[in-house]
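Colleague: Here you go, this is target-v2.tsv (TSV, C-alpha atoms).
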```tsv
chain	number	residue	atom	x	y	z
S	28	MET	CA	31.00	-30.44	24.02
S	29	ALA	CA	27.45	-29.90	25.05
S	30	GLY	CA	26.28	-28.50	28.38
S	31	THR	CA	27.38	-30.89	31.05
S	32	SER	CA	24.74	-33.15	32.51
S	33	ARG	CA	25.57	-31.74	35.96
S	34	HIS	CA	24.65	-28.22	34.79
S	35	ASP	CA	21.50	-29.59	33.20
S	36	ARG	CA	20.46	-31.33	36.41
S	37	GLU	CA	21.11	-28.23	38.50
S	38	MET	CA	19.10	-26.12	36.07
S	39	GLU	CA	16.18	-28.56	36.01
S	40	ILE	CA	15.99	-28.64	39.84
S	41	ASN	CA	16.33	-24.87	40.04
S	42	ALA	CA	13.64	-24.24	37.39
S	43	LYS	CA	11.17	-26.62	39.08
S	44	ARG	CA	11.75	-24.94	42.43
S	45	ARG	CA	11.27	-21.43	41.02
S	46	LEU	CA	8.16	-22.55	39.12
S	47	THR	CA	6.21	-23.16	42.35
S	48	ALA	CA	6.53	-19.48	43.37
S	49	CYS	CA	6.22	-17.90	39.91
S	50	SER	CA	3.03	-16.24	38.64
S	51	ASP	CA	4.24	-14.41	35.50
S	52	PRO	CA	3.03	-16.46	32.48
S	53	VAL	CA	6.12	-15.77	30.31
S	54	GLU	CA	8.48	-16.75	33.13
S	55	ARG	CA	6.36	-19.82	33.94
S	56	LEU	CA	6.63	-21.04	30.34
S	57	ARG	CA	10.37	-20.30	30.31
S	58	LEU	CA	10.87	-22.27	33.55
S	59	GLN	CA	8.82	-25.22	32.27
S	60	CYS	CA	11.12	-25.37	29.24
S	61	LEU	CA	14.29	-25.03	31.35
S	62	ALA	CA	13.02	-27.78	33.64
S	63	ARG	CA	13.61	-30.09	30.63
S	64	GLY	CA	17.28	-29.14	30.41
S	65	SER	CA	19.37	-27.10	27.98
S	66	SER	CA	17.40	-28.08	24.89
S	67	GLY	CA	13.94	-27.44	26.38
S	68	ILE	CA	13.29	-24.12	24.62
S	69	LYS	CA	14.64	-25.53	21.37
S	70	GLY	CA	12.25	-28.46	21.66
S	71	LEU	CA	9.30	-26.08	21.94
S	72	SER	CA	10.63	-24.20	18.91
S	73	ARG	CA	10.67	-27.42	16.88
S	74	THR	CA	7.13	-28.33	17.99
S	75	PHE	CA	5.91	-24.96	16.73
S	76	ARG	CA	7.87	-25.25	13.49
S	77	ILE	CA	6.33	-28.66	12.72
S	78	MET	CA	2.86	-27.15	13.19
S	79	ASP	CA	3.59	-24.22	10.88
S	80	ASP	CA	2.17	-25.95	7.80
S	81	ASP	CA	2.11	-22.88	5.57
S	82	LYS	CA	5.70	-21.92	6.57
S	83	SER	CA	4.51	-18.45	7.55
S	84	ARG	CA	6.66	-18.57	10.73
S	85	SER	CA	3.65	-17.35	12.66
S	86	LEU	CA	1.02	-19.05	14.79
S	87	ASP	CA	-2.60	-18.30	15.52
S	88	LEU	CA	-4.11	-18.94	18.96
S	89	LYS	CA	-5.37	-22.43	18.07
S	90	GLU	CA	-1.91	-23.52	16.78
S	91	PHE	CA	-0.25	-21.91	19.78
S	92	LEU	CA	-2.47	-23.78	22.27
S	93	LYS	CA	-2.00	-27.06	20.39
S	94	GLY	CA	1.79	-26.58	20.30
S	95	LEU	CA	1.94	-26.00	24.05
S	96	ASN	CA	-0.27	-29.04	24.62
S	97	ASP	CA	1.74	-31.28	22.26
S	98	TYR	CA	4.94	-30.28	24.04
S	99	GLY	CA	3.34	-31.08	27.40
S	100	VAL	CA	3.45	-27.54	28.82
S	101	LEU	CA	1.10	-27.23	31.77
S	102	LEU	CA	-0.69	-23.89	31.55
S	103	GLU	CA	-4.34	-23.12	32.17
S	104	LYS	CA	-6.17	-22.20	28.95
S	105	GLU	CA	-6.80	-18.64	30.19
S	106	GLU	CA	-3.14	-18.31	31.18
S	107	ALA	CA	-2.06	-19.51	27.72
S	108	LYS	CA	-4.46	-17.02	26.09
S	109	ASP	CA	-2.98	-14.17	28.18
S	110	LEU	CA	0.47	-15.31	27.11
S	111	PHE	CA	-0.58	-15.29	23.45
S	112	GLU	CA	-2.00	-11.77	23.78
S	113	LYS	CA	1.26	-10.58	25.34
S	114	PHE	CA	3.15	-11.69	22.24
S	115	ASP	CA	0.53	-10.57	19.71
S	116	HIS	CA	1.95	-7.03	19.69
S	117	ASP	CA	0.02	-5.76	16.66
S	118	LYS	CA	-3.23	-7.52	17.70
S	119	SER	CA	-3.35	-9.33	14.36
S	120	GLY	CA	-4.42	-12.64	15.94
S	121	THR	CA	-1.06	-14.26	15.12
S	122	ILE	CA	2.37	-14.25	16.77
S	123	ASP	CA	5.76	-14.36	15.10
S	124	PHE	CA	7.35	-17.39	16.67
S	125	ASP	CA	10.97	-16.29	16.11
S	126	GLU	CA	10.21	-13.19	18.14
S	127	PHE	CA	8.38	-15.34	20.67
S	128	LEU	CA	11.39	-17.66	21.12
S	129	VAL	CA	13.88	-14.78	21.38
S	130	THR	CA	11.76	-13.35	24.22
S	131	LEU	CA	11.38	-16.75	25.84
S	132	ARG	CA	15.01	-17.82	25.93
S	133	PRO	CA	17.00	-16.63	28.97
S	134	GLN	CA	19.08	-13.56	28.23
S	135	MET	CA	22.84	-13.97	27.74
S	136	SER	CA	25.31	-11.18	28.37
S	137	LYS	CA	27.13	-9.68	25.37
S	138	SER	CA	30.40	-11.39	26.32
S	139	ARG	CA	28.68	-14.80	26.57
S	140	LYS	CA	26.98	-14.32	23.20
S	141	GLU	CA	30.30	-13.41	21.59
S	142	VAL	CA	32.03	-16.58	22.81
S	143	VAL	CA	29.07	-18.73	21.68
S	144	MET	CA	29.26	-17.16	18.22
S	145	GLN	CA	33.04	-17.76	18.10
S	146	ALA	CA	32.38	-21.45	18.77
S	147	PHE	CA	29.65	-21.56	16.11
S	148	ARG	CA	31.88	-19.93	13.48
S	149	LYS	CA	34.70	-22.34	14.30
S	150	LEU	CA	32.40	-25.34	13.81
S	151	ASP	CA	30.64	-23.99	10.72
S	152	LYS	CA	33.59	-24.65	8.40
S	153	THR	CA	31.60	-23.96	5.23
S	154	GLY	CA	30.20	-20.68	6.59
S	155	ASP	CA	26.65	-21.46	5.45
S	156	GLY	CA	25.06	-20.90	8.87
S	157	VAL	CA	24.42	-24.61	9.54
S	158	ILE	CA	26.71	-27.13	11.27
S	159	THR	CA	26.68	-30.58	9.63
S	160	ILE	CA	28.74	-33.78	9.89
S	161	GLU	CA	30.95	-32.47	7.04
S	162	ASP	CA	31.72	-29.30	9.03
S	163	LEU	CA	32.78	-31.36	12.05
S	164	ARG	CA	35.32	-33.54	10.25
S	165	GLY	CA	38.24	-31.16	10.65
S	166	VAL	CA	37.22	-29.68	13.99
S	167	TYR	CA	36.00	-32.46	16.25
S	168	ASN	CA	38.12	-35.57	16.75
S	169	ALA	CA	35.74	-38.53	16.76
S	170	LYS	CA	38.62	-41.00	17.18
S	171	CYS	CA	38.94	-40.01	20.86
S	172	HIS	CA	35.37	-41.10	21.59
S	173	PRO	CA	35.31	-44.32	23.68
S	174	LYS	CA	32.58	-45.87	21.51
S	175	TYR	CA	34.68	-45.28	18.38
S	176	GLN	CA	37.72	-46.76	20.12
S	177	ASN	CA	35.89	-49.94	21.13
S	178	GLY	CA	34.46	-50.36	17.61
S	179	GLU	CA	30.83	-49.84	18.65
S	180	TRP	CA	30.32	-46.67	16.58
S	181	SER	CA	31.63	-45.40	13.25
S	182	GLU	CA	33.12	-41.90	12.95
S	183	ASP	CA	29.84	-40.63	11.43
S	184	GLN	CA	27.82	-42.05	14.33
S	185	VAL	CA	30.04	-40.16	16.79
S	186	PHE	CA	29.52	-36.93	14.79
S	187	ARG	CA	25.77	-37.47	14.56
S	188	THR	CA	25.46	-38.13	18.32
S	189	PHE	CA	27.46	-34.97	18.94
S	190	LEU	CA	25.10	-32.90	16.75
S	191	ASP	CA	22.07	-34.50	18.42
S	192	ASN	CA	23.15	-32.85	21.70
S	193	PHE	CA	22.18	-29.49	20.22
S	194	ASP	CA	19.16	-30.73	18.33
S	195	SER	CA	15.61	-30.91	19.64
S	196	PRO	CA	14.82	-34.26	21.25
S	197	TYR	CA	11.70	-34.50	19.05
S	198	ASP	CA	13.13	-33.80	15.61
S	199	LYS	CA	16.78	-34.68	15.17
S	200	ASP	CA	17.86	-33.88	11.61
S	201	GLY	CA	21.65	-34.00	11.95
S	202	LYS	CA	21.94	-30.26	11.28
S	203	VAL	CA	22.39	-27.48	13.80
S	204	THR	CA	21.41	-23.94	12.84
S	205	LYS	CA	22.80	-20.80	14.46
S	206	GLU	CA	19.42	-20.33	16.19
S	207	GLU	CA	19.54	-23.87	17.63
S	208	PHE	CA	23.13	-23.42	18.80
S	209	ILE	CA	22.28	-20.13	20.55
S	210	ASN	CA	19.07	-21.57	22.03
S	211	TYR	CA	21.04	-24.50	23.39
S	212	TYR	CA	23.67	-22.29	25.00
S	213	CYS	CA	21.04	-19.91	26.40
S	214	GLY	CA	19.85	-22.97	28.29
S	215	VAL	CA	23.36	-23.87	29.47
S	216	SER	CA	24.06	-20.23	30.32
S	217	ALA	CA	20.96	-20.11	32.54
S	218	SER	CA	22.57	-22.73	34.79
S	219	ILE	CA	25.90	-20.86	35.19
S	220	ASP	CA	25.98	-17.66	37.26
S	221	SER	CA	29.49	-16.45	36.50
S	222	ASP	CA	30.30	-14.90	33.10
S	223	ALA	CA	33.98	-15.68	33.62
S	224	TYR	CA	33.27	-19.37	34.30
S	225	PHE	CA	30.93	-19.68	31.29
S	226	ILE	CA	33.50	-18.07	28.96
S	227	LEU	CA	36.32	-20.23	30.34
S	228	MET	CA	34.18	-23.36	29.88
S	229	MET	CA	33.44	-22.41	26.24
S	230	ARG	CA	37.09	-21.55	25.46
S	231	ASN	CA	38.32	-24.85	26.93
S	232	ALA	CA	35.62	-26.91	25.26
S	233	TRP	CA	36.11	-25.47	21.78
S	234	ARG	CA	39.82	-24.49	22.09
S	235	LEU	CA	38.98	-20.89	21.18
```
Starting from the coordinates I provided, produce the structure as structure tokens.
Modeller:
Amino acid sequence: MAGTSRHDREMEINAKRRLTACSDPVERLRLQCLARGSSGIKGLSRTFRIMDDDKSRSLDLKEFLKGLNDYGVLLEKEEAKDLFEKFDHDKSGTIDFDEFLVTLRPQMSKSRKEVVMQAFRKLDKTGDGVITIEDLRGVYNAKCHPKYQNGEWSEDQVFRTFLDNFDSPYDKDGKVTKEEFINYYCGVSASIDSDAYFILMMRNAWRL
């Protein structure tokens, strides 16, 4: 189960509406990502990761500006520079993009985080911190999917489509890391006000 499309639509409308009145650069970037739905922040994360050629997991200002531009984020250059400086805590001229993404994603309460991690652990059968098609075989019943039932898709195609829900729209690799799973549910969580409803939705969806 991914975030429902209804929640995504509500969140997109909400984020766009709040964007018009928002002046804080961090919040503006967060809202622009959320306006793309649950996987918006994860998509930005993937864009940055692709640009990180030396695998240093950090970005300089030029890479940061290019990443925002490639992802289609609309920020004035000065605004983007201010944003960069906010995240460049040690004034080294680079930002740690894991730290950047943790700050950017909407906060989840402790109880929400716990239920998300329960779902992740249930899906990650091998316990290696990554959910793959192999992990899903014993947990997710592909045979109930209408496209499997009508012969259009194989079992693996159903699994792959399921994993793609959590993956960035720009770089689907058929694997979902803990970070991607949390990023995804931070997006879903942002569209649901009630902790109790979010937890109930997760428990029902994953039979926790």
Colleague: Taking all atoms listed in the file into account, name the residue in S:Phe147, S:Tyr224, S:Phe91, S:Tyr98 that is nearest to S:Ile122.
Modeller: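 That would be S:Phe91, the residue with the smallest distance to S:Ile122.
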Colleague: Quick one: residues within 9 Å of S:Ala223, all atoms listed in the file, excluding same-chain residues fewer than 4 positions away - as a PyMOL selection string?
Modeller: chain S and resi 139+227-228
Colleague: Generate the output file for the selected residues, C-alpha atoms, as a short mmCIF file (atom, residue, chain, number, x, y, z; two decimals), in the frame of the given file.
Modeller:
```cif
data_model
loop_
_atom_site.label_atom_id
_atom_site.label_comp_id
_atom_site.auth_asym_id
_atom_site.auth_seq_id
_atom_site.Cartn_x
_atom_site.Cartn_y
_atom_site.Cartn_z
CA ARG S 139 28.68 -14.80 26.57
CA LEU S 227 36.32 -20.23 30.34
CA MET S 228 34.18 -23.36 29.88
#
```
Colleague: Could you list, as a ChimeraX atom specification, every residue within 7 Å of stretch 150-156 of chain S, counting all atoms listed in the file and ignoring same-chain residues fewer than 2 positions away?
Modeller: /S:146-148,158,162-163,166,204-205
Colleague: How would the residues just chosen look if you wrote them out with C-alpha atoms as a PDB file, keeping the file's coordinate frame?
Modeller:
```pdb
ATOM      1  CA  ALA S 146      32.380 -21.450  18.770  1.00  0.00           C
ATOM      2  CA  PHE S 147      29.650 -21.560  16.110  1.00  0.00           C
ATOM      3  CA  ARG S 148      31.880 -19.930  13.480  1.00  0.00           C
ATOM      4  CA  ILE S 158      26.710 -27.130  11.270  1.00  0.00           C
ATOM      5  CA  ASP S 162      31.720 -29.300   9.030  1.00  0.00           C
ATOM      6  CA  LEU S 163      32.780 -31.360  12.050  1.00  0.00           C
ATOM      7  CA  VAL S 166      37.220 -29.680  13.990  1.00  0.00           C
ATOM      8  CA  THR S 204      21.410 -23.940  12.840  1.00  0.00           C
ATOM      9  CA  LYS S 205      22.800 -20.800  14.460  1.00  0.00           C
TER      10      LYS S 205
END
```
Colleague: Mind checking which residues fall within 9 Å of S:Asp125, counting only C-alpha atoms, ignoring those fewer than 4 positions away in the same chain, and posting them as a ChimeraX atom specification?
Modeller: /S:72,84-85,129-130
Colleague: Rank S:Pro52, S:Gly64, S:Gly165, S:Gly70 by their smallest atom-to-atom distance to S:Glu207, using all atoms listed in the file, and report the top residue only.
Modeller: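 Residue with the minimum atom-to-atom distance to S:Glu207: S:Gly70.
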Colleague: Please return the centre and edge lengths, in Å to one decimal, of a box with edges along x, y and z that contains all listed atoms of stretch 42-45 of chain S, widened by 5 Å on every side, as AutoDock Vina command-line options.
Modeller:
```
--center_x 12.4 --center_y -24.0 --center_z 39.9 --size_x 12.5 --size_y 15.2 --size_z 15.0
```
Colleague: Just checking: using all atoms listed in the file, which residue out of S:Leu58, S:Arg63, S:Ser136, S:Ala232 ends up closest to S:Lys149?
Modeller: S:Ala232
Colleague: When you look at S:Lys69 with a cut-off of 9 Å (counting all atoms listed in the file), what residues show up, excluding the ones that are within fewer than 3 positions of it in the same chain? I need them as a list in words.
Modeller: Cys60, Ser65, Ser66, Ser72, Arg73, Thr74, Leu128, Arg132, Phe193, Asp194, Ser195, Pro196, Glu206, Glu207, Asn210 and Tyr211 of chain S
Colleague: State, in Å with one decimal place, the distance from atom CA of S:Trp233 to atom CA of S:Val142.
Modeller: 9.8 Å
Colleague: Between S:Val157, S:Leu61, S:Leu56, S:Ala42, single out the one closest to S:Lys202, counting all atoms listed in the file.
Modeller: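 Of all the options, S:Val157 lies closest to S:Lys202.
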Colleague: Calculate how many Å separate atom CA of S:Pro133 from atom CA of S:Ile209, rounding to one decimal.
Modeller: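 Taking atom CA of S:Pro133 as the start and atom CA of S:Ile209 as the end point, the length is 10.5 Å.
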Colleague: Considering only C-alpha atoms, state which residue in the set S:Ala107, S:Met229, S:Leu190, S:Ile160 is at the smallest distance from S:Asp51.
Modeller: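 Comparing S:Ala107, S:Met229, S:Leu190, S:Ile160 against S:Asp51, the winner is S:Ala107.
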Colleague: Could you jot down the atom CA of S:Asp183 to atom CA of S:Ser216 separation for me, Å, one decimal place?
Modeller: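 So the two atoms, atom CA of S:Asp183 and atom CA of S:Ser216, lie 28.4 Å apart.
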Colleague: Which is closer to S:Glu103 than all the others in S:Arg76, S:Gly178, S:Asp117, S:Ser50, using all atoms listed in the file?
Modeller: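 Among S:Arg76, S:Gly178, S:Asp117, S:Ser50, it is S:Ser50 that comes nearest to S:Glu103.
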Colleague: Pull out stretch 39-54 of chain S, keep all heavy atoms, and write it as a CSV table (one decimal), in the first residue's frame.
Modeller:
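selection21.csv was written with the following content:
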```
chain,number,residue,atom,x,y,z
S,39,GLU,N,-1.1,18.0,-2.4
S,39,GLU,CA,-0.6,18.8,-3.4
S,39,GLU,C,-1.4,20.2,-3.4
S,39,GLU,O,-0.8,21.2,-3.5
S,39,GLU,CB,-0.8,18.1,-4.8
S,39,GLU,CG,0.2,17.0,-5.0
S,39,GLU,CD,-0.3,16.0,-6.1
S,39,GLU,OE1,-1.0,16.4,-7.0
S,39,GLU,OE2,0.2,14.8,-6.1
S,40,ILE,N,-2.7,20.1,-3.3
S,40,ILE,CA,-3.5,21.3,-3.3
S,40,ILE,C,-3.1,22.2,-2.1
S,40,ILE,O,-2.9,23.4,-2.2
S,40,ILE,CB,-5.0,21.0,-3.3
S,40,ILE,CG1,-5.4,20.3,-4.6
S,40,ILE,CG2,-5.9,22.2,-3.0
S,40,ILE,CD1,-6.7,19.5,-4.6
S,41,ASN,N,-3.0,21.6,-1.0
S,41,ASN,CA,-2.7,22.3,0.3
S,41,ASN,C,-1.3,23.0,0.2
S,41,ASN,O,-1.2,24.1,0.6
S,41,ASN,CB,-2.6,21.2,1.4
S,41,ASN,CG,-3.1,21.7,2.7
S,41,ASN,OD1,-3.2,22.9,2.9
S,41,ASN,ND2,-3.4,20.8,3.6
S,42,ALA,N,-0.3,22.2,-0.3
S,42,ALA,CA,1.0,22.7,-0.4
S,42,ALA,C,1.1,23.9,-1.4
S,42,ALA,O,1.7,25.0,-1.1
S,42,ALA,CB,2.0,21.7,-0.9
S,43,LYS,N,0.4,23.8,-2.5
S,43,LYS,CA,0.3,24.9,-3.5
S,43,LYS,C,-0.3,26.2,-2.9
S,43,LYS,O,0.1,27.3,-3.1
S,43,LYS,CB,-0.4,24.5,-4.8
S,43,LYS,CG,0.4,23.6,-5.7
S,43,LYS,CD,-0.4,23.1,-6.8
S,43,LYS,CE,0.5,22.1,-7.6
S,43,LYS,NZ,-0.3,21.2,-8.5
S,44,ARG,N,-1.4,25.9,-2.1
S,44,ARG,CA,-2.1,27.1,-1.5
S,44,ARG,C,-1.2,27.8,-0.4
S,44,ARG,O,-1.1,29.0,-0.4
S,44,ARG,CB,-3.4,26.6,-0.8
S,44,ARG,CG,-4.3,27.7,-0.5
S,44,ARG,CD,-5.7,27.2,0.0
S,44,ARG,NE,-5.5,26.4,1.2
S,44,ARG,CZ,-6.0,25.2,1.4
S,44,ARG,NH1,-6.6,24.6,0.4
S,44,ARG,NH2,-5.8,24.5,2.5
S,45,ARG,N,-0.5,27.0,0.4
S,45,ARG,CA,0.4,27.5,1.4
S,45,ARG,C,1.6,28.2,0.8
S,45,ARG,O,2.2,29.1,1.4
S,45,ARG,CB,0.8,26.4,2.4
S,45,ARG,CG,-0.3,26.0,3.4
S,45,ARG,CD,0.0,24.8,4.1
S,45,ARG,NE,1.2,24.8,4.9
S,45,ARG,CZ,1.9,23.8,5.2
S,45,ARG,NH1,1.5,22.6,4.9
S,45,ARG,NH2,3.0,23.9,5.9
S,46,LEU,N,2.0,27.8,-0.3
S,46,LEU,CA,3.2,28.3,-1.0
S,46,LEU,C,3.0,29.8,-1.3
S,46,LEU,O,4.0,30.6,-1.2
S,46,LEU,CB,3.5,27.5,-2.3
S,46,LEU,CG,4.8,27.6,-3.0
S,46,LEU,CD1,6.0,27.3,-2.0
S,46,LEU,CD2,4.9,26.7,-4.2
S,47,THR,N,1.8,30.2,-1.7
S,47,THR,CA,1.6,31.6,-2.1
S,47,THR,C,1.8,32.5,-1.0
S,47,THR,O,2.2,33.7,-1.2
S,47,THR,CB,0.1,31.8,-2.6
S,47,THR,OG1,-0.8,31.3,-1.6
S,47,THR,CG2,-0.1,31.0,-3.9
S,48,ALA,N,1.6,32.1,0.3
S,48,ALA,CA,1.8,33.0,1.4
S,48,ALA,C,3.1,32.8,2.2
S,48,ALA,O,3.3,33.4,3.2
S,48,ALA,CB,0.6,32.8,2.4
S,49,CYS,N,3.9,31.9,1.7
S,49,CYS,CA,5.1,31.5,2.5
S,49,CYS,C,6.3,32.3,2.0
S,49,CYS,O,6.6,32.4,0.8
S,49,CYS,CB,5.3,30.0,2.3
S,49,CYS,SG,6.8,29.4,3.2
S,50,SER,N,7.1,32.8,3.0
S,50,SER,CA,8.3,33.5,2.6
S,50,SER,C,9.6,32.8,3.1
S,50,SER,O,10.7,33.1,2.6
S,50,SER,CB,8.3,34.9,3.1
S,50,SER,OG,8.2,34.9,4.6
S,51,ASP,N,9.5,31.8,4.0
S,51,ASP,CA,10.7,31.1,4.5
S,51,ASP,C,11.2,30.2,3.5
S,51,ASP,O,10.5,29.3,2.9
S,51,ASP,CB,10.3,30.3,5.8
S,51,ASP,CG,11.5,29.5,6.3
S,51,ASP,OD1,12.4,30.1,6.8
S,51,ASP,OD2,11.5,28.3,6.1
S,52,PRO,N,12.5,30.4,3.1
S,52,PRO,CA,13.1,29.6,1.9
S,52,PRO,C,13.0,28.1,2.2
S,52,PRO,O,12.8,27.3,1.2
S,52,PRO,CB,14.5,30.1,1.8
S,52,PRO,CG,14.8,30.9,3.0
S,52,PRO,CD,13.5,31.3,3.6
S,53,VAL,N,13.3,27.6,3.4
S,53,VAL,CA,13.3,26.2,3.7
S,53,VAL,C,11.9,25.6,3.5
S,53,VAL,O,11.6,24.6,2.8
S,53,VAL,CB,13.8,25.8,5.1
S,53,VAL,CG1,13.7,24.3,5.4
S,53,VAL,CG2,15.2,26.3,5.3
S,54,GLU,N,10.9,26.4,4.1
S,54,GLU,CA,9.5,25.9,4.0
S,54,GLU,C,9.0,26.0,2.5
S,54,GLU,O,8.2,25.1,2.0
S,54,GLU,CB,8.6,26.8,4.9
S,54,GLU,CG,7.2,26.4,5.0
S,54,GLU,CD,6.9,25.0,5.6
S,54,GLU,OE1,7.8,24.4,6.1
S,54,GLU,OE2,5.8,24.5,5.4
```
